$ cat coords11.csv   # CSV, C-alpha atoms
chain,number,residue,atom,x,y,z
A,1,MET,CA,57.7,100.9,103.1
A,2,GLY,CA,59.1,97.8,101.4
A,3,CYS,CA,56.9,94.9,100.8
A,4,ALA,CA,57.6,91.6,99.0
A,5,PRO,CA,61.0,91.7,97.2
A,6,ASP,CA,60.5,92.1,93.4
A,7,SER,CA,62.9,89.5,92.2
A,8,ASP,CA,63.2,85.7,92.6
A,9,ASP,CA,67.0,86.1,93.1
A,10,VAL,CA,66.5,87.5,96.5
A,11,TYR,CA,65.4,84.1,97.9
A,12,LEU,CA,67.7,81.3,98.9
A,13,ARG,CA,68.0,78.1,96.9
A,14,PRO,CA,65.6,75.5,98.3
A,15,SER,CA,68.5,73.2,99.0
A,16,VAL,CA,70.2,75.6,101.4
A,17,LYS,CA,70.4,74.1,104.9
A,18,THR,CA,73.0,76.1,106.7
A,19,ALA,CA,73.9,79.8,107.1
A,20,ALA,CA,77.3,80.9,108.2
A,21,LYS,CA,78.1,84.4,109.4
A,22,LEU,CA,81.2,86.6,109.2
A,23,LEU,CA,81.5,90.2,110.4
A,24,VAL,CA,83.1,93.1,108.6
A,25,VAL,CA,83.9,95.7,111.2
A,26,GLY,CA,85.8,98.9,111.6
A,27,HIS,CA,85.5,102.5,112.4
A,28,PHE,CA,83.3,105.1,110.7
A,29,ALA,CA,83.8,105.5,107.0
A,30,VAL,CA,86.4,102.8,106.7
A,31,GLY,CA,84.6,101.1,103.8
A,32,LYS,CA,82.4,98.4,105.4
A,33,THR,CA,79.4,99.2,103.4
A,34,THR,CA,81.4,99.2,100.2
A,35,PHE,CA,83.1,95.9,101.1
A,36,VAL,CA,79.7,94.2,101.8
A,37,GLY,CA,78.2,95.7,98.7
A,38,THR,CA,81.1,94.5,96.5
A,39,LEU,CA,80.7,90.9,97.5
A,40,SER,CA,77.0,90.5,98.0
A,41,GLU,CA,75.0,88.6,95.4
A,42,ILE,CA,71.8,90.4,96.6
A,43,ARG,CA,71.3,94.1,96.9
A,44,PRO,CA,72.9,94.8,100.3
A,45,LEU,CA,70.3,95.3,103.0
A,46,ARG,CA,70.3,97.5,106.0
A,47,THR,CA,68.6,97.1,109.3
A,48,GLU,CA,68.5,99.7,112.0
A,49,GLU,CA,68.2,99.2,115.7
A,50,VAL,CA,67.3,101.8,118.3
A,51,MET,CA,69.9,101.5,121.0
A,52,THR,CA,69.9,102.7,124.6
A,53,GLN,CA,73.1,104.5,124.7
A,54,ALA,CA,75.2,103.0,127.5
A,55,GLY,CA,77.8,105.6,126.6
A,56,ALA,CA,75.5,108.6,127.0
A,57,LEU,CA,77.5,110.1,129.8
A,58,VAL,CA,80.7,109.8,127.8
A,59,ASP,CA,79.3,111.4,124.7
A,60,ASP,CA,79.2,115.1,124.4
A,61,LEU,CA,75.5,115.7,124.2
A,62,ALA,CA,75.5,119.4,125.1
A,63,GLY,CA,72.2,120.8,124.3
A,64,THR,CA,70.6,117.4,123.8
A,65,ARG,CA,70.3,116.3,127.4
A,66,ASP,CA,67.2,114.2,126.8
A,67,LYS,CA,68.8,112.0,124.2
A,68,THR,CA,69.3,108.6,125.7
A,69,THR,CA,68.8,106.5,122.5
A,70,THR,CA,70.5,106.4,119.2
A,71,THR,CA,70.0,104.6,115.9
A,72,VAL,CA,72.6,102.3,114.6
A,73,ALA,CA,72.7,100.8,111.2
A,74,MET,CA,74.0,97.4,110.2
A,75,ASP,CA,74.6,96.5,106.5
A,76,PHE,CA,74.6,92.9,105.3
A,77,GLY,CA,74.9,90.9,102.2
A,78,ARG,CA,74.9,87.3,101.1
A,79,LEU,CA,77.1,84.9,99.2
A,80,THR,CA,75.9,81.5,98.1
A,81,ILE,CA,78.8,79.1,98.9
A,82,ASN,CA,77.4,75.9,97.6
A,83,ASP,CA,74.0,74.2,97.2
A,84,SER,CA,73.5,73.8,100.9
A,85,LEU,CA,75.5,76.7,102.5
A,86,VAL,CA,75.2,80.4,102.4
A,87,LEU,CA,77.5,83.0,103.9
A,88,TYR,CA,76.2,86.2,105.4
A,89,LEU,CA,78.4,89.2,105.8
A,90,PHE,CA,77.4,91.7,108.4
A,91,GLY,CA,79.0,95.1,108.5
A,92,ALA,CA,78.6,97.1,111.7
A,93,PRO,CA,80.2,100.0,113.5
A,94,GLY,CA,83.0,99.3,115.9
A,95,GLN,CA,81.8,101.4,118.8
A,96,ARG,CA,81.8,99.7,122.1
A,97,ARG,CA,78.6,101.3,123.3
A,98,PHE,CA,76.5,99.3,121.0
A,99,THR,CA,76.7,96.3,123.3
A,100,LYS,CA,73.4,94.7,122.4
A,101,LEU,CA,74.1,94.9,118.6
A,102,TRP,CA,77.5,93.3,119.2
A,103,HIS,CA,76.0,90.5,121.2
A,104,ASP,CA,73.5,89.8,118.5
A,105,MET,CA,76.0,90.0,115.7
A,106,THR,CA,78.7,87.9,117.2
A,107,ARG,CA,76.5,85.1,118.3
A,108,GLY,CA,77.3,82.2,116.0
A,109,ALA,CA,79.8,84.2,114.0
A,110,LEU,CA,82.8,82.4,112.6
A,111,GLY,CA,85.1,85.4,112.8
A,112,ALA,CA,85.6,89.0,111.8
A,113,LEU,CA,87.5,91.0,109.2
A,114,VAL,CA,88.6,94.3,110.6
A,115,LEU,CA,88.9,97.0,107.9
A,116,ALA,CA,91.6,99.6,108.6
A,117,ASP,CA,92.6,102.9,107.1
A,118,THR,CA,96.2,104.0,107.2
A,119,ARG,CA,95.1,107.6,107.7
A,120,ARG,CA,93.4,106.6,111.0
A,121,LEU,CA,95.1,103.5,112.2
A,122,SER,CA,94.5,104.4,115.9
A,123,HIS,CA,90.8,104.4,115.2
A,124,SER,CA,90.9,100.6,114.9
A,125,PHE,CA,92.0,99.9,118.4
A,126,GLU,CA,88.5,100.1,119.9
A,127,VAL,CA,87.0,97.5,117.6
A,128,MET,CA,90.0,95.1,117.9
A,129,GLY,CA,89.8,95.4,121.7
A,130,LEU,CA,86.1,94.6,121.5
A,131,LEU,CA,86.7,91.5,119.4
A,132,GLU,CA,89.4,90.3,121.8
A,133,GLU,CA,87.0,90.7,124.8
A,134,LEU,CA,84.3,88.7,122.9
A,135,ASN,CA,86.9,86.1,122.0
A,136,LEU,CA,86.1,86.4,118.3
A,137,PRO,CA,89.1,85.7,116.0
A,138,TYR,CA,89.9,88.3,113.4
A,139,ALA,CA,92.1,89.2,110.5
A,140,VAL,CA,92.9,92.8,109.5
A,141,ALA,CA,92.6,94.2,105.9
A,142,VAL,CA,94.0,97.6,105.1
A,143,ASN,CA,91.5,99.2,102.8
A,144,ASP,CA,93.7,101.2,100.3
A,145,PHE,CA,92.3,104.7,99.9
A,146,GLU,CA,93.6,106.8,97.1
A,147,GLY,CA,95.9,109.4,98.6
A,148,ALA,CA,96.3,107.6,101.9
A,149,PRO,CA,99.9,107.2,103.1
A,150,VAL,CA,101.4,103.8,101.9
A,151,HIS,CA,103.1,102.0,104.8
A,152,SER,CA,104.6,98.6,104.5
A,153,LEU,CA,102.5,95.9,106.1
A,154,ASP,CA,105.3,95.4,108.7
A,155,GLU,CA,104.9,99.0,109.8
A,156,VAL,CA,101.1,98.7,110.0
A,157,ARG,CA,101.5,95.4,112.0
A,158,GLU,CA,103.7,97.2,114.4
A,159,ALA,CA,101.4,100.3,114.6
A,160,LEU,CA,98.4,98.1,115.3
A,161,ASP,CA,100.3,95.9,117.7
A,162,LEU,CA,99.0,92.7,116.1
A,163,LEU,CA,99.8,89.2,117.2
A,164,ASP,CA,102.2,87.4,114.9
A,165,GLU,CA,99.5,85.0,113.9
A,166,THR,CA,96.9,87.6,113.0
A,167,PRO,CA,96.7,87.9,109.2
A,168,LEU,CA,97.2,91.3,107.8
A,169,VAL,CA,96.5,92.0,104.1
A,170,ARG,CA,95.8,94.9,101.8
A,171,CYS,CA,92.5,95.1,99.9
A,172,ASP,CA,90.5,97.4,97.8
A,173,ALA,CA,86.9,97.2,99.0
A,174,ARG,CA,85.6,98.3,95.6
A,175,HIS,CA,87.0,95.2,93.8
A,176,PRO,CA,85.5,91.7,94.1
A,177,ASP,CA,88.7,89.7,93.7
A,178,SER,CA,90.7,91.8,96.2
A,179,SER,CA,87.8,91.7,98.7
A,180,THR,CA,87.4,88.0,98.2
A,181,ARG,CA,91.1,87.5,98.9
A,182,ALA,CA,90.8,89.4,102.2
A,183,LEU,CA,88.0,87.1,103.3
A,184,ILE,CA,90.0,84.0,102.2
A,185,SER,CA,92.9,85.1,104.5
A,186,LEU,CA,90.5,85.3,107.3
A,187,VAL,CA,88.9,81.9,106.7
A,188,GLU,CA,92.3,80.3,106.2
A,189,TYR,CA,93.3,81.7,109.6
A,190,LEU,CA,90.1,80.5,111.3
A,191,LEU,CA,90.6,77.0,109.8
A,192,SER,CA,94.3,76.8,110.9
A,193,ARG,CA,93.3,77.8,114.5
A,194,LYS,CA,90.6,75.2,114.5
A,195,THR,CA,93.0,72.5,113.3
A,196,GLU,CA,95.6,73.6,115.9
A,197,LEU,CA,93.0,73.5,118.7
A,198,GLU,CA,91.9,70.0,117.6
A,199,HIS,CA,95.4,68.7,117.7
A,200,ALA,CA,96.5,70.4,120.9
B,1,MET,CA,80.1,106.2,103.6
B,2,THR,CA,76.9,105.3,105.6
B,3,PRO,CA,74.0,107.5,104.5
B,4,ARG,CA,71.7,109.1,107.0
B,5,ARG,CA,68.8,107.1,108.4
B,6,PRO,CA,65.5,107.3,106.6
B,7,GLU,CA,62.5,109.3,107.9
B,8,ALA,CA,60.8,108.2,111.1
B,9,ARG,CA,58.4,105.4,111.0
B,10,LEU,CA,54.7,106.1,110.8
B,11,VAL,CA,53.9,103.5,113.5
B,12,ARG,CA,56.2,103.2,116.4
B,13,SER,CA,57.9,99.9,116.9
B,14,TYR,CA,56.4,99.1,120.2
B,15,VAL,CA,52.9,99.4,118.7
B,16,VAL,CA,53.8,96.7,116.1
B,17,THR,CA,54.8,94.3,118.9
B,18,ASP,CA,52.0,95.1,121.3
B,19,GLY,CA,54.5,96.8,123.6
B,20,ARG,CA,56.8,93.8,123.9
B,21,ALA,CA,60.5,94.2,123.6
B,22,HIS,CA,61.4,90.6,123.7
B,23,PRO,CA,60.4,87.6,121.6
B,24,THR,CA,58.6,84.6,123.1
B,25,ARG,CA,61.7,82.5,122.3
B,26,ASN,CA,65.4,83.4,122.3
B,27,THR,CA,66.6,80.9,119.8
B,28,LEU,CA,66.3,83.3,116.9
B,29,ASP,CA,69.5,84.5,115.3
B,30,LEU,CA,70.2,87.0,112.5
B,31,VAL,CA,70.9,84.1,110.2
B,32,THR,CA,68.1,81.8,111.3
B,33,LEU,CA,66.4,80.7,108.0
B,34,LEU,CA,62.7,81.2,107.9
B,35,ILE,CA,60.1,79.4,105.8
B,36,ALA,CA,56.4,80.3,105.7
B,37,THR,CA,53.9,77.5,105.9
B,38,THR,CA,51.3,77.8,103.2
B,39,ASP,CA,48.3,76.0,104.6
B,40,LEU,CA,47.3,78.4,107.5
B,41,SER,CA,45.0,81.3,107.2
B,42,LEU,CA,46.4,84.8,107.7
B,43,ALA,CA,43.1,85.9,109.3
B,44,GLY,CA,43.7,87.5,112.6
B,45,LEU,CA,47.3,88.5,111.9
B,46,ASN,CA,48.2,92.2,112.3
B,47,PRO,CA,49.5,94.0,109.2
B,48,GLU,CA,53.1,93.6,110.1
B,49,LYS,CA,52.8,89.9,110.6
B,50,ARG,CA,51.0,89.7,107.2
B,51,ARG,CA,54.0,91.5,105.7
B,52,VAL,CA,56.4,89.0,107.2
B,53,MET,CA,54.3,86.2,105.7
B,54,GLU,CA,54.1,88.0,102.3
B,55,VAL,CA,57.9,88.3,102.2
B,56,CYS,CA,58.5,84.7,103.3
B,57,ARG,CA,55.9,83.2,101.1
B,58,HIS,CA,58.0,83.0,97.9
B,59,GLY,CA,61.0,81.2,99.4
B,60,SER,CA,63.3,81.1,102.4
B,61,LEU,CA,65.2,84.0,103.8
B,62,SER,CA,67.3,84.7,106.9
B,63,LEU,CA,65.7,86.7,109.7
B,64,ALA,CA,68.1,89.6,109.0
B,65,GLU,CA,66.9,89.7,105.3
B,66,VAL,CA,63.3,89.7,106.4
B,67,ALA,CA,64.0,92.7,108.7
B,68,GLY,CA,65.9,94.4,105.9
B,69,HIS,CA,63.1,94.0,103.3
B,70,LEU,CA,60.4,95.1,105.7
B,71,ARG,CA,62.6,97.9,107.1
B,72,LEU,CA,61.9,96.9,110.6
B,73,PRO,CA,64.4,96.8,113.4
B,74,VAL,CA,65.8,93.2,114.1
B,75,SER,CA,64.5,93.2,117.6
B,76,VAL,CA,60.9,93.9,116.4
B,77,THR,CA,61.2,91.3,113.6
B,78,LYS,CA,62.2,88.7,116.2
B,79,VAL,CA,59.1,89.4,118.2
B,80,LEU,CA,56.9,89.1,115.2
B,81,VAL,CA,58.6,85.9,113.9
B,82,ALA,CA,58.5,84.2,117.3
B,83,ASP,CA,54.8,84.8,117.4
B,84,LEU,CA,54.4,83.4,113.9
B,85,MET,CA,56.4,80.4,114.9
B,86,ASP,CA,54.1,79.9,118.0
B,87,SER,CA,51.1,80.1,115.7
B,88,GLY,CA,52.6,77.7,113.2
B,89,HIS,CA,52.9,80.2,110.3
B,90,ILE,CA,56.7,80.1,110.2
B,91,VAL,CA,59.1,77.2,110.5
B,92,THR,CA,62.8,77.5,110.7
B,93,ARG,CA,65.1,75.4,108.6
B,94,ALA,CA,67.3,72.8,110.3
B,95,PRO,CA,67.4,72.4,114.1
B,96,ILE,CA,70.5,74.6,114.5
B,97,PRO,CA,70.4,77.0,111.5
B,98,ALA,CA,73.3,79.1,112.7
B,99,ALA,CA,76.7,77.5,112.0
B,100,ARG,CA,78.5,76.5,115.1
B,101,PRO,CA,81.9,78.2,115.2
B,102,SER,CA,83.4,74.9,116.1
B,103,ASP,CA,82.5,73.4,112.8
B,104,THR,CA,85.7,72.8,110.7
B,105,ARG,CA,83.7,71.4,107.8
B,106,ILE,CA,81.8,74.6,107.4
B,107,LEU,CA,85.0,76.6,107.4
B,108,GLN,CA,86.4,74.4,104.8
B,109,GLU,CA,83.3,74.7,102.6
B,110,VAL,CA,83.4,78.5,103.0
B,111,LEU,CA,87.1,78.6,102.0
B,112,ASP,CA,86.5,76.4,98.9
B,113,GLY,CA,83.5,78.5,97.9
B,114,LEU,CA,85.5,81.7,98.2
B,115,ARG,CA,88.5,80.3,96.3
B,116,ALA,CA,86.1,79.2,93.5
B,117,ARG,CA,85.0,82.9,93.0
B,118,LEU,CA,88.5,84.0,92.0

$ encode --input "coords11.csv" --output "structure tokens"
Amino acid sequence: MGCAPDSDDVYLRPSVKTAAKLLVVGHFAVGKTTFVGTLSEIRPLRTEEVMTQAGALVDDLAGTRDKTTTTVAMDFGRLTINDSLVLYLFGAPGQRRFTKLWHDMTRGALGALVLADTRRLSHSFEVMGLLEELNLPYAVAVNDFEGAPVHSLDEVREALDLLDETPLVRCDARHPDSSTRALISLVEYLLSRKTELEHA
Amino acid sequence: MTPRRPEARLVRSYVVTDGRAHPTRNTLDLVTLLIATTDLSLAGLNPEKRRVMEVCRHGSLSLAEVAGHLRLPVSVTKVLVADLMDSGHIVTRAPIPAARPSDTRILQEVLDGLRARL
């Protein structure tokens, strides 16, 4: 079991007063863990939660009839923004059945970056639907996998049925600059929405 | 790709929390910043609460980080931290540690900070 962290770098600067939170979401194996790991200044951490599975009847649990709970993992990392503000990135699976986890994660979150994979675009609908129900604004970043079909962003936008205002960018979750740019698109969008609301 | 979960815990989560599933206060968030107070004795604290204090003693961390370092579920960590707040061992930084989504200033600061990384 882990005990006290072994490096001073894991702790926040004493001047930090506020923590902001952004979510990095998407389907299984879309690159959430990689994205969070690329940007985090601390070794990314993972927490696990035992969930009562609301979707138990929907899942095919043939042969495991007693299974009513499941373990779900959430990865997160940290970026120091300035002396008084830190940003936490939480990466979590996009399945609807993990309601409690979603409730916890979205509370106080500024917005979400949806990672998508051109080989499995339709897998992104569940998580986008969930974000819309929770009223959490999001941007979409296509994580470019080697060998994945390359579609124009217009085609992807149409396939995902995105609103005109929803930002859609390409990124490579393994590269800091590319991943940072994807987050910037999201935050620019969040800021423009806020400004519009305030002037409405 | 997300690796498989680690081996089962030696002590079940409900034992750590004396069977409780909910914290004594519901103001705790994943990004609530926690600071240990240094002037209170740790006598009487169970091993998990001592571990929380050990992790927090050297500087402030978010609740999620404490859970991650201790490899405890967030829900269990919340119960432990709420008890430690009740007993005065832990204080949280700022009255509303989690950023309110309505805060334009925070969004602008995040944007500036991200741009400065490029």

$ atom_distance --input "coords11.csv" --atom1 "CA of Glu109 (chain B)" --atom2 "CA of Leu190 (chain A)"
12.5 Å

$ residues_around --input "coords11.csv" --residues "Glu155 (chain A)" --least-positions-apart "4" --cutoff "12 Å" --atoms "all atoms listed in the file" --output "ChimeraX atom specification"
/A:118,121,142,149-151,159-162,168

$ interface_residues --input "coords11.csv" --of "chain A" --to "chain B" --cutoff "7 Å" --atoms "only C-alpha atoms" --output "PDB file with C-alpha atoms, in the frame of the given file"
ATOM      1  CA  MET A   1      57.700 100.900 103.100  1.00  0.00           C
ATOM      2  CA  GLY A   2      59.100  97.800 101.400  1.00  0.00           C
ATOM      3  CA  CYS A   3      56.900  94.900 100.800  1.00  0.00           C
ATOM      4  CA  ALA A   4      57.600  91.600  99.000  1.00  0.00           C
ATOM      5  CA  PRO A   5      61.000  91.700  97.200  1.00  0.00           C
ATOM      6  CA  TYR A  11      65.400  84.100  97.900  1.00  0.00           C
ATOM      7  CA  LEU A  12      67.700  81.300  98.900  1.00  0.00           C
ATOM      8  CA  LYS A  17      70.400  74.100 104.900  1.00  0.00           C
ATOM      9  CA  THR A  18      73.000  76.100 106.700  1.00  0.00           C
ATOM     10  CA  ALA A  19      73.900  79.800 107.100  1.00  0.00           C
ATOM     11  CA  ALA A  20      77.300  80.900 108.200  1.00  0.00           C
ATOM     12  CA  ALA A  29      83.800 105.500 107.000  1.00  0.00           C
ATOM     13  CA  GLY A  31      84.600 101.100 103.800  1.00  0.00           C
ATOM     14  CA  THR A  33      79.400  99.200 103.400  1.00  0.00           C
ATOM     15  CA  LEU A  45      70.300  95.300 103.000  1.00  0.00           C
ATOM     16  CA  ARG A  46      70.300  97.500 106.000  1.00  0.00           C
ATOM     17  CA  THR A  47      68.600  97.100 109.300  1.00  0.00           C
ATOM     18  CA  GLU A  48      68.500  99.700 112.000  1.00  0.00           C
ATOM     19  CA  GLU A  49      68.200  99.200 115.700  1.00  0.00           C
ATOM     20  CA  ILE A  81      78.800  79.100  98.900  1.00  0.00           C
ATOM     21  CA  ASN A  82      77.400  75.900  97.600  1.00  0.00           C
ATOM     22  CA  GLY A 108      77.300  82.200 116.000  1.00  0.00           C
ATOM     23  CA  ALA A 109      79.800  84.200 114.000  1.00  0.00           C
ATOM     24  CA  LEU A 110      82.800  82.400 112.600  1.00  0.00           C
ATOM     25  CA  ASP A 177      88.700  89.700  93.700  1.00  0.00           C
ATOM     26  CA  THR A 180      87.400  88.000  98.200  1.00  0.00           C
ATOM     27  CA  ILE A 184      90.000  84.000 102.200  1.00  0.00           C
ATOM     28  CA  VAL A 187      88.900  81.900 106.700  1.00  0.00           C
ATOM     29  CA  GLU A 188      92.300  80.300 106.200  1.00  0.00           C
ATOM     30  CA  LEU A 191      90.600  77.000 109.800  1.00  0.00           C
ATOM     31  CA  LYS A 194      90.600  75.200 114.500  1.00  0.00           C
TER      32      LYS A 194
END

$ atom_distance --input "coords11.csv" --atom1 "CA of Thr166 (chain A)" --atom2 "CA of Tyr138 (chain A)"
7.0 Å

$ closest_residue --input "coords11.csv" --among "A:Asn135, A:Ser179, A:Thr34, A:Thr195" --to "Asp75 (chain A)" --atoms "only C-alpha atoms"
A:Thr34

$ atom_distance --input "coords11.csv" --atom1 "CA of Ser40 (chain A)" --atom2 "CA of Leu89 (chain A)"
8.0 Å

$ residues_around --input "coords11.csv" --residues "Ala112 (chain A)" --least-positions-apart "2" --cutoff "6 Å" --atoms "all atoms listed in the file" --output "PyMOL selection string"
chain A and resi 22-24+138

$ residues_around --input "coords11.csv" --residues "Val16 (chain A)" --least-positions-apart "4" --cutoff "6 Å" --atoms "only C-alpha atoms" --output "list of chain:residue names"
A:Asp83, A:Ser84, A:Leu85
